Amino acid sequence: YKAAPESDESRDLLYRASHDLRGQARTFDFPLVGHVAGSLCKLLDGTEGTNAMTLIDAHVSAIRVIVRQSIKDPNDKTAAMLISELQARVNEFLTENQAA
């Protein structure tokens, strides 16, 4: 993953990867990754093209940080705030773009 999906094919690959991460995160003891991946799936379901580039990048970066720093505690306050903020931005983005 280098930047936001530039084609339908790369977008589909990113969606499938995030869907898999969402489903398997608990198995690998990374429940926070599952939350971020679920938020990314919701974003990708609700948008077309690359108009959500910044949010997509933020989700991918969050997953990288959680894994790199091995944040496995679902009660980690910093990670919980990050996830909450990502989810709020996704909801806001989807609401704004449905009205457009």
# chains A, B, ... in the order shown; residues from 1 in each chain; ligands from 1

call {"tool": "residues_around", "arguments": {"residues": "A:Thr95", "least_positions_apart": "6", "cutoff": "12 Å", "atoms": "only C-alpha atoms", "output": "PDB file with N, CA and C atoms, in the first residue's frame"}}
result
ATOM      1  N   LEU A  43     -15.697   2.845   5.551  1.00  0.00           N
ATOM      2  CA  LEU A  43     -15.327   3.968   4.692  1.00  0.00           C
ATOM      3  C   LEU A  43     -15.304   3.543   3.223  1.00  0.00           C
ATOM      4  N   GLY A  46     -18.667   3.014   1.701  1.00  0.00           N
ATOM      5  CA  GLY A  46     -19.487   4.205   1.513  1.00  0.00           C
ATOM      6  C   GLY A  46     -18.940   5.227   0.547  1.00  0.00           C
ATOM      7  N   THR A  47     -17.809   4.942  -0.084  1.00  0.00           N
ATOM      8  CA  THR A  47     -17.218   5.927  -0.988  1.00  0.00           C
ATOM      9  C   THR A  47     -16.790   5.266  -2.288  1.00  0.00           C
ATOM     10  N   ALA A  88     -15.314   8.617  14.068  1.00  0.00           N
ATOM     11  CA  ALA A  88     -16.076   9.869  13.978  1.00  0.00           C
ATOM     12  C   ALA A  88     -15.831  10.560  12.642  1.00  0.00           C
ATOM     13  N   ARG A  89     -14.570  10.596  12.191  1.00  0.00           N
ATOM     14  CA  ARG A  89     -14.247  11.223  10.906  1.00  0.00           C
ATOM     15  C   ARG A  89     -14.897  10.460   9.752  1.00  0.00           C
TER      16      ARG A  89
END

call {"tool": "atom_distance", "arguments": {"atom1": "atom CA of A:Val90", "atom2": "atom CA of A:Phe30"}}
result
21.2 Å

call {"tool": "residues_around", "arguments": {"residues": "A:Cys41", "least_positions_apart": "6", "cutoff": "9 Å", "atoms": "only C-alpha atoms", "output": "number ranges by chain"}}
result
A: 14-16, 18-19, 22

call {"tool": "write_last_selection", "arguments": {"atoms": "N, CA, C and O atoms", "output": "short mmCIF file (atom, residue, chain, number, x, y, z; two decimals), in the first residue's frame"}}
result
data_model
loop_
_atom_site.label_atom_id
_atom_site.label_comp_id
_atom_site.auth_asym_id
_atom_site.auth_seq_id
_atom_site.Cartn_x
_atom_site.Cartn_y
_atom_site.Cartn_z
N LEU A 14 -7.58 -3.52 -1.29
CA LEU A 14 -7.51 -2.88 0.02
C LEU A 14 -8.74 -3.25 0.85
O LEU A 14 -8.62 -3.55 2.04
N TYR A 15 -9.90 -3.28 0.22
CA TYR A 15 -11.11 -3.66 0.95
C TYR A 15 -11.00 -5.10 1.47
O TYR A 15 -11.29 -5.36 2.64
N ARG A 16 -10.58 -6.00 0.61
CA ARG A 16 -10.46 -7.41 1.03
C ARG A 16 -9.44 -7.56 2.15
O ARG A 16 -9.65 -8.31 3.11
N SER A 18 -8.56 -5.25 4.37
CA SER A 18 -9.11 -4.69 5.61
C SER A 18 -10.20 -5.58 6.17
O SER A 18 -10.32 -5.74 7.39
N HIS A 19 -10.99 -6.19 5.30
CA HIS A 19 -12.03 -7.12 5.75
C HIS A 19 -11.40 -8.33 6.43
O HIS A 19 -11.87 -8.77 7.50
N ARG A 22 -10.06 -7.28 9.79
CA ARG A 22 -11.16 -7.11 10.74
C ARG A 22 -11.58 -8.47 11.32
O ARG A 22 -11.79 -8.60 12.51
#

call {"tool": "atom_distance", "arguments": {"atom1": "atom CA of A:Leu40", "atom2": "atom CA of A:Met53"}}
result
11.4 Å

call {"tool": "closest_residue", "arguments": {"among": "A:Ser61, A:Ser39, A:Asn75, A:Ser70", "to": "A:Phe93", "atoms": "only C-alpha atoms"}}
result
A:Ser39

call {"tool": "select_by_dssp", "arguments": {"residues": "stretch 9-89 of chain A", "states": "alpha helix (DSSP H)", "output": "PyMOL selection string"}}
result
chain A and resi 9-24+31-46+53-68+77-89
